[in-house]
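Trainee: The file below is start13.csv, CSV, C-alpha atoms and all ligand atoms:
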chain,number,residue,atom,x,y,z
K,1,MET,CA,0.0,0.0,0.0
K,2,ALA,CA,2.8,2.4,0.9
K,3,ILE,CA,4.4,1.7,-2.5
K,4,PHE,CA,1.2,2.4,-4.3
K,5,ASP,CA,0.8,5.7,-2.4
K,6,ASN,CA,4.3,6.7,-3.2
K,7,LYS,CA,3.6,6.1,-6.9
K,8,VAL,CA,0.5,8.3,-6.8
K,9,ASP,CA,2.5,11.0,-5.1
K,10,MET,CA,5.2,10.8,-7.6
K,11,GLU,CA,2.8,11.0,-10.5
K,12,LYS,CA,1.1,14.0,-9.0
K,13,ARG,CA,4.3,15.8,-8.5
K,14,LYS,CA,5.6,15.0,-12.0
K,15,MET,CA,2.5,16.7,-13.5
K,16,SER,CA,3.2,20.0,-11.9
K,17,ASP,CA,6.9,19.9,-11.3
K,18,GLU,CA,9.6,21.9,-12.7
K,19,GLU,CA,12.9,20.4,-11.8
K,20,PHE,CA,16.5,21.3,-12.2
K,21,TYR,CA,19.8,20.5,-10.5
K,22,VAL,CA,22.5,22.6,-8.8
K,23,GLY,CA,25.4,20.2,-8.4
K,24,LYS,CA,23.8,17.0,-7.2
K,25,ALA,CA,21.0,18.7,-5.4
K,26,LYS,CA,17.5,18.8,-7.0
K,27,VAL,CA,15.5,22.0,-6.9
K,28,CYS,CA,11.7,21.6,-7.6
K,29,LEU,CA,8.9,24.0,-8.1
K,30,VAL,CA,5.5,22.6,-7.2
K,31,GLN,CA,2.1,24.1,-6.8
K,32,GLY,CA,0.4,22.9,-3.6
K,33,ASP,CA,0.0,23.1,0.1
K,34,ILE,CA,3.2,23.0,2.0
K,35,THR,CA,1.6,21.1,4.9
K,36,ASP,CA,1.3,18.1,2.6
K,37,MET,CA,5.0,17.8,2.1
K,38,ASP,CA,7.0,14.9,3.5
K,39,THR,CA,10.4,16.6,3.3
K,40,ASP,CA,12.6,16.5,6.4
K,41,ALA,CA,11.6,20.1,7.1
K,42,ILE,CA,9.1,22.6,5.9
K,43,VAL,CA,9.7,26.3,6.4
K,44,ASN,CA,7.2,28.5,8.0
K,45,ALA,CA,6.8,32.2,7.0
K,46,ALA,CA,6.3,33.2,10.6
K,47,ASN,CA,6.2,36.6,12.5
K,48,PRO,CA,8.5,37.6,15.3
K,49,THR,CA,6.1,36.4,18.0
K,50,LEU,CA,6.3,32.8,16.8
K,51,MET,CA,2.8,32.4,18.2
K,52,GLY,CA,1.1,31.7,14.8
K,53,GLY,CA,-0.9,33.9,12.5
K,54,GLY,CA,-2.7,33.6,9.1
K,55,GLY,CA,-1.5,32.3,5.7
K,56,VAL,CA,1.0,29.5,5.7
K,57,ASP,CA,1.8,30.1,9.4
K,58,GLY,CA,-1.8,29.4,10.3
K,59,ALA,CA,-2.0,26.3,8.1
K,60,ILE,CA,1.2,24.8,9.7
K,61,HIS,CA,0.0,25.4,13.3
K,62,ARG,CA,-3.5,24.1,12.5
K,63,ARG,CA,-2.3,20.9,10.9
K,64,GLY,CA,0.8,20.4,13.0
K,65,GLY,CA,-1.0,20.7,16.3
K,66,SER,CA,-0.2,22.2,19.7
K,67,GLU,CA,3.2,20.6,20.1
K,68,ILE,CA,4.7,23.1,17.6
K,69,LEU,CA,3.2,26.1,19.5
K,70,GLU,CA,4.5,24.7,22.8
K,71,GLU,CA,8.0,24.5,21.4
K,72,CYS,CA,7.7,28.0,19.9
K,73,ARG,CA,6.8,29.2,23.4
K,74,ARG,CA,9.9,27.5,24.9
K,75,ILE,CA,12.1,29.1,22.2
K,76,ARG,CA,10.6,32.5,23.0
K,77,ALA,CA,11.1,32.1,26.7
K,78,THR,CA,14.7,30.9,26.4
K,79,ASP,CA,16.4,32.3,23.3
K,80,TRP,CA,14.2,35.1,21.9
K,81,PRO,CA,12.2,36.8,24.7
K,82,ASP,CA,11.7,39.9,22.5
K,83,GLY,CA,10.7,37.9,19.5
K,84,LEU,CA,12.6,36.3,16.6
K,85,PRO,CA,14.3,39.1,14.5
K,86,THR,CA,13.6,39.4,10.8
K,87,GLY,CA,15.9,37.1,8.8
K,88,LYS,CA,16.6,34.7,11.6
K,89,ALA,CA,15.4,31.1,11.8
K,90,VAL,CA,14.7,28.5,14.5
K,91,VAL,CA,13.5,24.9,14.4
K,92,THR,CA,10.8,22.9,16.1
K,93,SER,CA,9.5,19.4,15.6
K,94,GLY,CA,6.9,18.8,12.9
K,95,GLY,CA,4.2,17.8,15.4
K,96,ASN,CA,1.4,16.0,13.4
K,97,LEU,CA,2.8,17.0,10.0
K,98,LYS,CA,4.5,14.5,7.6
K,99,ALA,CA,7.6,16.7,7.8
K,100,ARG,CA,9.8,15.9,10.8
K,101,TYR,CA,10.7,19.5,11.5
K,102,VAL,CA,9.4,23.0,11.0
K,103,ILE,CA,11.9,25.7,10.4
K,104,HIS,CA,10.4,29.1,11.4
K,105,THR,CA,11.8,32.2,9.9
K,106,VAL,CA,10.6,35.8,9.6
K,107,GLY,CA,10.7,37.5,6.3
K,108,PRO,CA,10.6,41.3,5.9
K,109,VAL,CA,7.5,43.4,5.5
K,110,TRP,CA,7.7,45.1,2.2
K,111,ARG,CA,8.1,48.9,2.6
K,112,GLY,CA,9.0,49.8,-0.9
K,113,GLY,CA,12.4,48.0,-1.1
K,114,GLY,CA,14.6,50.7,0.3
K,115,GLN,CA,14.6,49.5,3.9
K,116,GLY,CA,16.9,46.5,3.5
K,117,GLU,CA,14.1,44.1,2.4
K,118,PRO,CA,16.2,42.2,-0.2
K,119,GLU,CA,19.0,41.4,2.2
K,120,LEU,CA,16.6,40.5,5.0
K,121,LEU,CA,14.7,38.1,2.7
K,122,ALA,CA,18.0,36.6,1.5
K,123,GLU,CA,18.9,36.1,5.2
K,124,ALA,CA,15.7,34.3,5.9
K,125,TYR,CA,16.4,31.8,3.2
K,126,ARG,CA,20.1,31.5,4.0
K,127,ASN,CA,19.5,31.0,7.8
K,128,SER,CA,16.8,28.4,7.1
K,129,LEU,CA,19.1,26.4,4.8
K,130,ARG,CA,22.0,26.7,7.3
K,131,LEU,CA,19.8,25.4,10.1
K,132,ALA,CA,18.6,22.5,8.0
K,133,VAL,CA,22.2,21.5,7.2
K,134,SER,CA,23.3,21.9,10.8
K,135,LYS,CA,20.6,19.4,11.9
K,136,GLY,CA,21.6,16.9,9.3
K,137,MET,CA,18.4,17.4,7.2
K,138,LYS,CA,18.6,16.4,3.5
K,139,THR,CA,15.3,17.7,2.1
K,140,ILE,CA,13.5,21.0,2.7
K,141,ALA,CA,10.5,22.8,1.4
K,142,PHE,CA,9.9,26.5,1.3
K,143,PRO,CA,6.8,28.6,0.8
K,144,SER,CA,7.2,32.0,-1.0
K,145,ILE,CA,8.3,33.9,2.1
K,146,SER,CA,7.0,37.5,2.6
K,147,THR,CA,4.8,37.5,-0.6
K,148,GLY,CA,1.5,37.2,1.2
K,149,ALA,CA,0.5,39.3,4.2
K,150,TYR,CA,3.9,41.0,4.2
K,151,GLY,CA,3.4,42.3,0.7
K,152,TYR,CA,6.8,41.6,-1.0
K,153,PRO,CA,6.2,41.6,-4.8
K,154,VAL,CA,6.5,37.9,-5.9
K,155,GLU,CA,8.5,38.8,-9.0
K,156,LYS,CA,11.2,40.3,-6.9
K,157,ALA,CA,11.0,37.8,-4.0
K,158,SER,CA,11.2,34.7,-6.3
K,159,ARG,CA,14.5,35.9,-7.8
K,160,ILE,CA,16.0,36.4,-4.4
K,161,ALA,CA,14.7,33.0,-3.2
K,162,LEU,CA,16.1,31.1,-6.2
K,163,SER,CA,19.5,33.0,-6.2
K,164,ILE,CA,20.1,32.3,-2.5
K,165,VAL,CA,19.2,28.6,-2.9
K,166,LYS,CA,21.5,28.3,-6.0
K,167,GLU,CA,24.4,30.1,-4.2
K,168,PHE,CA,24.0,27.9,-1.1
K,169,LEU,CA,23.9,24.6,-3.1
K,170,GLU,CA,26.9,25.6,-5.1
K,171,LYS,CA,28.9,26.0,-1.9
K,172,GLU,CA,27.4,23.2,0.2
K,173,ASP,CA,26.7,19.6,-1.0
K,174,LYS,CA,24.8,18.3,2.1
K,175,LEU,CA,21.3,18.9,0.9
K,176,ASP,CA,19.6,16.5,-1.6
K,177,GLU,CA,16.5,18.4,-2.4
K,178,VAL,CA,15.0,21.9,-2.1
K,179,VAL,CA,11.3,22.3,-3.0
K,180,PHE,CA,9.5,25.6,-3.5
K,181,VAL,CA,5.8,25.0,-2.8
K,182,LEU,CA,3.8,27.7,-4.4
K,183,PHE,CA,0.2,28.1,-3.3
K,184,THR,CA,-1.2,29.5,-6.6
K,185,LYS,CA,-0.7,28.7,-10.3
K,186,HIS,CA,0.2,32.4,-10.7
K,187,ASP,CA,3.0,32.2,-8.2
K,188,LEU,CA,4.3,29.0,-9.8
K,189,GLU,CA,4.4,30.6,-13.2
K,190,ILE,CA,6.4,33.6,-11.8
K,191,TYR,CA,8.9,31.3,-10.1
K,192,LYS,CA,9.2,29.3,-13.4
K,193,GLU,CA,10.0,32.5,-15.2
K,194,ALA,CA,12.5,33.5,-12.6
K,195,THR,CA,14.4,30.2,-12.9
K,196,LYS,CA,15.0,31.0,-16.6
K,197,GLU,CA,17.1,34.0,-15.5
K,198,ILE,CA,18.6,32.7,-12.3
K,199,ILE,CA,19.4,29.0,-12.8
K,201,LIG,N1,1.2,26.3,1.5
K,201,LIG,C1,2.0,27.0,0.8
K,201,LIG,N2,1.9,28.3,0.6
K,201,LIG,C2,0.9,28.9,1.3
K,201,LIG,C3,0.0,28.3,2.1
K,201,LIG,C4,0.1,26.9,2.2
K,201,LIG,N3,-0.7,26.2,3.0
K,201,LIG,N4,-0.8,29.2,2.6
K,201,LIG,C5,-0.5,30.4,2.1
K,201,LIG,N5,0.6,30.2,1.3
K,201,LIG,P1,1.9,34.5,4.1
K,201,LIG,P2,4.2,36.3,4.7
K,201,LIG,C6,1.3,31.3,0.5
K,201,LIG,O1,1.0,35.6,4.2
K,201,LIG,O2,3.8,37.1,3.5
K,201,LIG,C7,1.2,35.3,8.8
K,201,LIG,O3,0.1,35.8,9.4
K,201,LIG,C8,0.7,32.6,0.3
K,201,LIG,O4,-0.2,32.5,-0.8
K,201,LIG,O5,1.6,33.2,4.7
K,201,LIG,O6,5.6,36.0,4.9
K,201,LIG,C9,2.4,35.3,9.7
K,201,LIG,O7,2.0,35.0,11.0
K,201,LIG,C10,1.9,33.4,-0.1
K,201,LIG,O8,2.3,33.2,-1.4
K,201,LIG,O9,3.4,34.9,4.7
K,201,LIG,C11,3.0,36.6,9.6
K,201,LIG,O10,2.3,37.5,10.4
K,201,LIG,C12,3.0,32.8,0.8
K,201,LIG,O11,2.5,31.6,1.3
K,201,LIG,C13,2.7,37.0,8.1
K,201,LIG,O12,1.6,36.2,7.7
K,201,LIG,C14,3.4,33.7,2.0
K,201,LIG,O13,2.2,34.3,2.5
K,201,LIG,C15,3.8,36.6,7.2
K,201,LIG,O14,3.6,37.1,5.9
Could you express the structure from this file as structure tokens?

Mentor:
Amino acid sequence: MAIFDNKVDMEKRKMSDEEFYVGKAKVCLVQGDITDMDTDAIVNAANPTLMGGGGVDGAIHRRGGSEILEECRRIRATDWPDGLPTGKAVVTSGGNLKARYVIHTVGPVWRGGGQGEPELLAEAYRNSLRLAVSKGMKTIAFPSISTGAYGYPVEKASRIALSIVKEFLEKEDKLDEVVFVLFTKHDLEIYKEATKEII
């Protein structure tokens, strides 16, 4: 039964996937819900409170269950009493999710682009990738950080996301797969366009 399910999953992913390699690591673009992913980690586009919210953050906490929130509370109490700064990343277990871990990072709020947003968004991706490697993870899935409630234009954000992943994989050979899970067909198309320039 497990084999059958895997086959179905692979077929589904083949239909919507765009795949390419950086060194021996595979990078995939998929349209879907990141809470369905069975990668070692999924990344949460959180806010500094780490106490949940809307969008992908809400979906992860709803489906992952209270264990994730409990761990976030502990992280706040011990490491980040004033909140997780923009661009940083922390890890919790995946609770009831298929993914074993959730990496919580905070992207920048878009304020026109002149307030350090590109570098902060790059840091959010970079620190998430570093954390995954430091924990021995092999596969990681990202949402399109900052491009929902935080208003970062997806055309610009997709280019930063792909450039940072490419740069990271060129220097570091410990990850097997990085997946971008785009919630809408529109975002998937924009990411596909961006790969033509970046990769
Ligand atoms: N799977 C994949 N992508 C999703 C999902 C999902 N289940 N749900 C939404 N998206 P956002 P941000 C997409 O707003 O802009 C929260 O309230 C969504 O379509 O989730 O970084 C936090 O608590 C968009 O493309 O994150 C913060 O307060 C992308 O995920 C704030 O929002 C990011 O949208 C963070 O804002």

Trainee: Which of these residues is nearest to ligand LIG 201 (chain K), using all atoms listed in the file: K:Asp176, K:Glu193, K:Asp187, K:Glu123?

Mentor: K:Asp187

Trainee: Rank nothing, just name the residue among K:Gln115, K:Gly151, K:Ala59, K:Ser158 nearest to K:Glu189, using all atoms listed in the file.

Mentor: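 For K:Glu189, the nearest of the candidates is K:Ser158.
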
Trainee: Do you know which residues are within 7 Å of ligand LIG 201 (chain K) using all atoms listed in the file? Can you write them as a ChimeraX atom specification?

Mentor: /K:32-35,45-47,52-59,106-107,143-151,181-184,187

Trainee: Which residue gives the smallest distance to K:Pro81 among K:Thr49, K:Thr195, K:Ser128, K:Ser163, with only C-alpha atoms counted?

Mentor: K:Thr49

Trainee: When you count all atoms listed in the file, which of these residues is closest to K:Ile198: K:Glu167, K:Glu117, K:Glu19, K:Glu177?

Mentor: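 Ranked by minimum distance to K:Ile198, first place goes to K:Glu167.
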
Trainee: Mind giving me the straight-line distance from atom CA of K:Ala141 to atom CA of K:Asp79 in Å, one decimal?

Mentor: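 We find that atom CA of K:Ala141 and atom CA of K:Asp79 lie 24.6 Å from each other.
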
Trainee: The residues within 9 Å of (11.0, 31.0, -9.4), using only C-alpha atoms and the coordinates of the file, should be reported as number ranges by chain; which are they?

Mentor: K: 29, 154-155, 157-162, 180, 187-196, 198
